[in-house]
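Peer 1: Quick one: structure below, then a few questions.
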Amino acid sequence: MVRATEFFSPIDHDKTIENAKEVLGNYWHHKRLAQRTKIALKSPAMDGMPKSPSYGNKAEDKLLSHANELQYVACCEKAIKSVELEKYRIILTETYIVSLNQRKPWWLIAEKLHLSKSAYYRDFKKALLAFADWCELVEQPHKT
C-alpha cells in the first residue's frame with residue numbers, strides 16, 4: 001500500500017533509496033581512508049638536475065583528499081544522529097555504521113526492535129529515506 005504523500009511526492013523514492021544505500025555502503029571505505037595518518041608537509045628535495053616543470057600541488061591535493069574523507073564520514077554520522085525515530089537510527093547504525101565483524105543480520109535487528117520481516121523492510125526503506133533527507137551526499141532525484 002502506497003501512502004498518498006508518497007504517491008504525489010515529486011521525489012523518486014526508489015532511486016533515492018538506492019542512492020542512500022550507495023552512500024552508506026561506501027561509509028567504511030571513506031572511514032578507512034579518513035583514519036590514515038595525517039599527511040605531513042615536507043620540504044622539496046633539490047638535487048640540482050634539470051627537470052620538467054611539475055603541475056599541481058601534490059601535498060595540497062593529499063590534504064584536501066584527507067579533509068574530504070573526514071567530511072564524508074562526519075556527514076553520514078551526523079545525518080544518522082539527526083533522524084527523528086530511534087528505531088530508524090538503530091536500523092541504519094546496525095546495518096551500516098557498526099564495524100563489519102560486529103554487524104548483526106537483519107533478523108537479529110528485527111528481533112531487537114520487535115518487528116516482523118515485512119515491517120523491518122518497510123522501516124528499513126523509511127529509515128533510508130529519512131537519512132536521505134538529512135544527508136547532503138544523497139541525491140534525491142525527481143520523478144520524470
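Each chain of the C-alpha cells is named A, B, ... in the order shown, its residues numbered from 1; ligands are numbered from 1 in display order.
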Just the residues within 9 Å of segment 62-77 of chain A, please, counting only C-alpha atoms, with nothing from its chain fewer than 5 positions along; format it as a list in words.
Peer 2: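 Close residues of segment 62-77 of chain A: Val23, Leu24, Tyr27, Trp28, His30, Lys31, Arg32, Leu33, Ala34, Gln35, Arg36, Lys38, Ile39, Ala40, Asn57, Ser82, Thr93, Ile97, Phe131, Trp134, Cys135, Glu136 and Leu137 of chain A.
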Peer 1: Restricting it to N, CA, C and O atoms, dump the selection as an mmCIF file, in the first residue's frame.
Peer 2:
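Okay, this is what ended up in again_31.cif:
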data_model
loop_
_atom_site.group_PDB
_atom_site.id
_atom_site.type_symbol
_atom_site.label_atom_id
_atom_site.label_comp_id
_atom_site.auth_asym_id
_atom_site.auth_seq_id
_atom_site.Cartn_x
_atom_site.Cartn_y
_atom_site.Cartn_z
ATOM 1 N N VAL A 23 25.568 5.596 -0.690
ATOM 2 C CA VAL A 23 26.349 6.481 0.191
ATOM 3 C C VAL A 23 26.736 5.736 1.464
ATOM 4 O O VAL A 23 27.904 5.755 1.881
ATOM 5 N N LEU A 24 25.777 5.062 2.091
ATOM 6 C CA LEU A 24 26.083 4.342 3.327
ATOM 7 C C LEU A 24 26.953 3.110 3.068
ATOM 8 O O LEU A 24 27.750 2.727 3.919
ATOM 9 N N TYR A 27 30.506 4.045 3.234
ATOM 10 C CA TYR A 27 30.918 4.650 4.503
ATOM 11 C C TYR A 27 32.242 4.089 5.010
ATOM 12 O O TYR A 27 33.153 4.836 5.357
ATOM 13 N N TRP A 28 32.361 2.759 5.060
ATOM 14 C CA TRP A 28 33.571 2.165 5.636
ATOM 15 C C TRP A 28 34.794 2.384 4.756
ATOM 16 O O TRP A 28 35.916 2.496 5.272
ATOM 17 N N HIS A 30 35.397 5.137 3.047
ATOM 18 C CA HIS A 30 35.815 6.501 3.374
ATOM 19 C C HIS A 30 36.329 6.603 4.805
ATOM 20 O O HIS A 30 37.254 7.372 5.081
ATOM 21 N N LYS A 31 35.770 5.814 5.705
ATOM 22 C CA LYS A 31 36.242 5.840 7.093
ATOM 23 C C LYS A 31 37.680 5.319 7.187
ATOM 24 O O LYS A 31 38.506 5.881 7.898
ATOM 25 N N ARG A 32 37.985 4.249 6.438
ATOM 26 C CA ARG A 32 39.367 3.732 6.429
ATOM 27 C C ARG A 32 40.328 4.767 5.854
ATOM 28 O O ARG A 32 41.432 4.957 6.374
ATOM 29 N N LEU A 33 39.920 5.432 4.785
ATOM 30 C CA LEU A 33 40.778 6.462 4.207
ATOM 31 C C LEU A 33 40.953 7.634 5.163
ATOM 32 O O LEU A 33 42.031 8.231 5.238
ATOM 33 N N ALA A 34 39.915 7.968 5.907
ATOM 34 C CA ALA A 34 39.990 9.078 6.856
ATOM 35 C C ALA A 34 40.856 8.734 8.064
ATOM 36 O O ALA A 34 41.412 9.625 8.706
ATOM 37 N N GLN A 35 40.998 7.448 8.379
ATOM 38 C CA GLN A 35 41.773 7.043 9.550
ATOM 39 C C GLN A 35 43.268 6.938 9.265
ATOM 40 O O GLN A 35 44.037 6.662 10.171
ATOM 41 N N ARG A 36 43.643 7.146 8.022
ATOM 42 C CA ARG A 36 45.081 7.144 7.731
ATOM 43 C C ARG A 36 45.751 8.249 8.530
ATOM 44 O O ARG A 36 45.116 9.216 8.930
ATOM 45 N N LYS A 38 47.693 11.514 9.246
ATOM 46 C CA LYS A 38 47.623 12.789 8.541
ATOM 47 C C LYS A 38 48.876 12.984 7.698
ATOM 48 O O LYS A 38 49.974 12.586 8.069
ATOM 49 N N ILE A 39 48.678 13.610 6.567
ATOM 50 C CA ILE A 39 49.771 13.844 5.640
ATOM 51 C C ILE A 39 50.570 15.049 6.134
ATOM 52 O O ILE A 39 49.998 16.096 6.424
ATOM 53 N N ALA A 40 51.854 14.874 6.254
ATOM 54 C CA ALA A 40 52.709 15.958 6.721
ATOM 55 C C ALA A 40 53.328 16.668 5.523
ATOM 56 O O ALA A 40 53.696 16.036 4.535
ATOM 57 N N ASN A 57 49.882 20.798 -7.000
ATOM 58 C CA ASN A 57 50.494 20.749 -5.687
ATOM 59 C C ASN A 57 50.070 19.436 -5.036
ATOM 60 O O ASN A 57 48.948 19.299 -4.550
ATOM 61 N N SER A 82 20.642 12.624 13.272
ATOM 62 C CA SER A 82 19.567 13.598 13.095
ATOM 63 C C SER A 82 18.220 12.970 12.773
ATOM 64 O O SER A 82 17.193 13.637 12.857
ATOM 65 N N THR A 93 22.330 2.329 11.905
ATOM 66 C CA THR A 93 23.608 2.133 12.598
ATOM 67 C C THR A 93 24.029 0.669 12.575
ATOM 68 O O THR A 93 25.181 0.351 12.248
ATOM 69 N N ILE A 97 26.895 1.348 10.047
ATOM 70 C CA ILE A 97 27.934 2.056 10.795
ATOM 71 C C ILE A 97 28.739 1.127 11.700
ATOM 72 O O ILE A 97 29.932 1.332 11.884
ATOM 73 N N PHE A 131 17.207 9.241 6.222
ATOM 74 C CA PHE A 131 18.640 9.545 6.118
ATOM 75 C C PHE A 131 18.904 10.453 4.923
ATOM 76 O O PHE A 131 19.671 11.415 5.014
ATOM 77 N N TRP A 134 18.362 14.099 5.497
ATOM 78 C CA TRP A 134 19.346 14.794 6.319
ATOM 79 C C TRP A 134 20.736 14.859 5.704
ATOM 80 O O TRP A 134 21.527 15.732 6.044
ATOM 81 N N CYS A 135 21.062 13.921 4.831
ATOM 82 C CA CYS A 135 22.426 13.824 4.312
ATOM 83 C C CYS A 135 22.538 14.532 2.960
ATOM 84 O O CYS A 135 21.855 14.173 2.002
ATOM 85 N N GLU A 136 23.421 15.487 2.896
ATOM 86 C CA GLU A 136 23.609 16.256 1.657
ATOM 87 C C GLU A 136 24.340 15.455 0.577
ATOM 88 O O GLU A 136 24.363 15.869 -0.578
ATOM 89 N N LEU A 137 24.898 14.320 0.924
ATOM 90 C CA LEU A 137 25.600 13.491 -0.055
ATOM 91 C C LEU A 137 24.647 12.665 -0.914
ATOM 92 O O LEU A 137 25.031 12.188 -1.980
#
Peer 1: If we count only C-alpha atoms and set the cut-off at 6 Å, which residues sit around Lys143 of chain A, ignoring sequence neighbours fewer than 3 positions away in its own chain? Please answer as an MDAnalysis selection string.
Peer 2: chainID A and resid 10:12
Peer 1: Just asking: which residues within chain A are helix (DSSP H, G or I) according to DSSP, as a PDB file with C-alpha atoms, in the first residue's frame?
Peer 2:
ATOM      1  CA  ALA A   4      -0.912   9.393  -0.654  1.00  0.00           C
ATOM      2  CA  THR A   5       2.017  11.608   0.347  1.00  0.00           C
ATOM      3  CA  GLU A   6       4.445   9.200  -1.328  1.00  0.00           C
ATOM      4  CA  PHE A   7       2.258   8.835  -4.411  1.00  0.00           C
ATOM      5  CA  HIS A  13      11.650   7.336  -3.625  1.00  0.00           C
ATOM      6  CA  ASP A  14      13.064   4.151  -5.162  1.00  0.00           C
ATOM      7  CA  LYS A  15      16.038   5.963  -6.704  1.00  0.00           C
ATOM      8  CA  THR A  16      16.572   7.954  -3.501  1.00  0.00           C
ATOM      9  CA  ILE A  17      16.700   4.709  -1.502  1.00  0.00           C
ATOM     10  CA  GLU A  18      19.290   3.297  -3.932  1.00  0.00           C
ATOM     11  CA  ASN A  19      21.369   6.481  -3.625  1.00  0.00           C
ATOM     12  CA  ALA A  20      21.205   6.362   0.188  1.00  0.00           C
ATOM     13  CA  LYS A  21      22.301   2.703   0.149  1.00  0.00           C
ATOM     14  CA  GLU A  22      25.235   3.624  -2.076  1.00  0.00           C
ATOM     15  CA  VAL A  23      26.349   6.481   0.191  1.00  0.00           C
ATOM     16  CA  LEU A  24      26.083   4.342   3.327  1.00  0.00           C
ATOM     17  CA  GLY A  25      27.644   1.372   1.545  1.00  0.00           C
ATOM     18  CA  TYR A  27      30.918   4.650   4.503  1.00  0.00           C
ATOM     19  CA  TRP A  28      33.571   2.165   5.636  1.00  0.00           C
ATOM     20  CA  HIS A  29      35.753   2.786   2.583  1.00  0.00           C
ATOM     21  CA  HIS A  30      35.815   6.501   3.374  1.00  0.00           C
ATOM     22  CA  LYS A  31      36.242   5.840   7.093  1.00  0.00           C
ATOM     23  CA  ARG A  32      39.367   3.732   6.429  1.00  0.00           C
ATOM     24  CA  LEU A  33      40.778   6.462   4.207  1.00  0.00           C
ATOM     25  CA  ALA A  34      39.990   9.078   6.856  1.00  0.00           C
ATOM     26  CA  LYS A  58      50.626  17.122  -4.547  1.00  0.00           C
ATOM     27  CA  ALA A  59      50.796  17.970  -0.838  1.00  0.00           C
ATOM     28  CA  GLU A  60      47.745  20.188  -1.096  1.00  0.00           C
ATOM     29  CA  ASP A  61      45.868  17.505  -3.049  1.00  0.00           C
ATOM     30  CA  LYS A  62      46.604  14.951  -0.318  1.00  0.00           C
ATOM     31  CA  LEU A  63      45.418  17.315   2.416  1.00  0.00           C
ATOM     32  CA  LEU A  64      42.218  18.085   0.518  1.00  0.00           C
ATOM     33  CA  SER A  65      41.564  14.399  -0.092  1.00  0.00           C
ATOM     34  CA  HIS A  66      42.003  13.651   3.615  1.00  0.00           C
ATOM     35  CA  ALA A  67      39.676  16.524   4.562  1.00  0.00           C
ATOM     36  CA  ASN A  68      37.055  15.271   2.098  1.00  0.00           C
ATOM     37  CA  GLU A  69      37.150  11.787   3.633  1.00  0.00           C
ATOM     38  CA  LEU A  70      36.710  13.231   7.122  1.00  0.00           C
ATOM     39  CA  GLN A  71      33.784  15.323   5.889  1.00  0.00           C
ATOM     40  CA  TYR A  72      32.104  12.293   4.235  1.00  0.00           C
ATOM     41  CA  VAL A  73      32.274  10.251   7.442  1.00  0.00           C
ATOM     42  CA  ALA A  74      31.086  13.140   9.617  1.00  0.00           C
ATOM     43  CA  CYS A  75      28.195  13.894   7.253  1.00  0.00           C
ATOM     44  CA  CYS A  76      26.945  10.277   7.347  1.00  0.00           C
ATOM     45  CA  GLU A  77      27.210  10.030  11.123  1.00  0.00           C
ATOM     46  CA  LYS A  78      25.545  13.400  11.698  1.00  0.00           C
ATOM     47  CA  ALA A  79      22.682  12.531   9.330  1.00  0.00           C
ATOM     48  CA  ILE A  80      22.002   9.262  11.144  1.00  0.00           C
ATOM     49  CA  LYS A  81      22.021  11.040  14.520  1.00  0.00           C
ATOM     50  CA  SER A  82      19.567  13.598  13.095  1.00  0.00           C
ATOM     51  CA  GLU A  86      15.172   5.895  17.286  1.00  0.00           C
ATOM     52  CA  LYS A  87      14.285   2.620  15.547  1.00  0.00           C
ATOM     53  CA  TYR A  88      15.398   4.144  12.213  1.00  0.00           C
ATOM     54  CA  ARG A  89      18.704   5.215  13.798  1.00  0.00           C
ATOM     55  CA  ILE A  90      19.176   1.694  15.188  1.00  0.00           C
ATOM     56  CA  ILE A  91      18.452   0.082  11.817  1.00  0.00           C
ATOM     57  CA  LEU A  92      20.894   2.356   9.967  1.00  0.00           C
ATOM     58  CA  THR A  93      23.608   2.133  12.598  1.00  0.00           C
ATOM     59  CA  GLU A  94      23.431  -1.652  12.935  1.00  0.00           C
ATOM     60  CA  THR A  95      23.305  -2.141   9.174  1.00  0.00           C
ATOM     61  CA  TYR A  96      25.983   0.307   8.006  1.00  0.00           C
ATOM     62  CA  ILE A  97      27.934   2.056  10.795  1.00  0.00           C
ATOM     63  CA  LEU A 100      31.927  -5.436   9.791  1.00  0.00           C
ATOM     64  CA  ASN A 101      32.928  -8.015  12.399  1.00  0.00           C
ATOM     65  CA  GLN A 102      30.239  -6.812  14.853  1.00  0.00           C
ATOM     66  CA  TRP A 106      18.683  -8.286   9.630  1.00  0.00           C
ATOM     67  CA  TRP A 107      16.644 -10.788  11.611  1.00  0.00           C
ATOM     68  CA  LEU A 108      18.523 -10.060  14.852  1.00  0.00           C
ATOM     69  CA  ILE A 109      17.952  -6.336  14.380  1.00  0.00           C
ATOM     70  CA  ALA A 110      14.272  -7.011  13.667  1.00  0.00           C
ATOM     71  CA  GLU A 111      14.037  -9.190  16.775  1.00  0.00           C
ATOM     72  CA  LYS A 112      15.647  -6.453  18.883  1.00  0.00           C
ATOM     73  CA  LYS A 117      10.242  -9.368   8.369  1.00  0.00           C
ATOM     74  CA  SER A 118       7.881  -7.210   6.312  1.00  0.00           C
ATOM     75  CA  ALA A 119       7.728  -4.492   8.989  1.00  0.00           C
ATOM     76  CA  TYR A 120      11.524  -4.481   9.215  1.00  0.00           C
ATOM     77  CA  TYR A 121      11.995  -3.980   5.477  1.00  0.00           C
ATOM     78  CA  ARG A 122       9.294  -1.291   5.374  1.00  0.00           C
ATOM     79  CA  ASP A 123      11.024   0.545   8.237  1.00  0.00           C
ATOM     80  CA  PHE A 124      14.412  -0.018   6.577  1.00  0.00           C
ATOM     81  CA  LYS A 125      13.207   1.831   3.468  1.00  0.00           C
ATOM     82  CA  LYS A 126      11.701   4.607   5.567  1.00  0.00           C
ATOM     83  CA  ALA A 127      14.962   4.903   7.507  1.00  0.00           C
ATOM     84  CA  LEU A 128      16.907   5.282   4.257  1.00  0.00           C
ATOM     85  CA  LEU A 129      14.503   7.990   3.083  1.00  0.00           C
ATOM     86  CA  ALA A 130      14.851   9.808   6.423  1.00  0.00           C
ATOM     87  CA  PHE A 131      18.640   9.545   6.118  1.00  0.00           C
ATOM     88  CA  ALA A 132      18.467  10.956   2.589  1.00  0.00           C
ATOM     89  CA  ASP A 133      16.540  13.969   3.891  1.00  0.00           C
ATOM     90  CA  TRP A 134      19.346  14.794   6.319  1.00  0.00           C
TER      91      TRP A 134
END
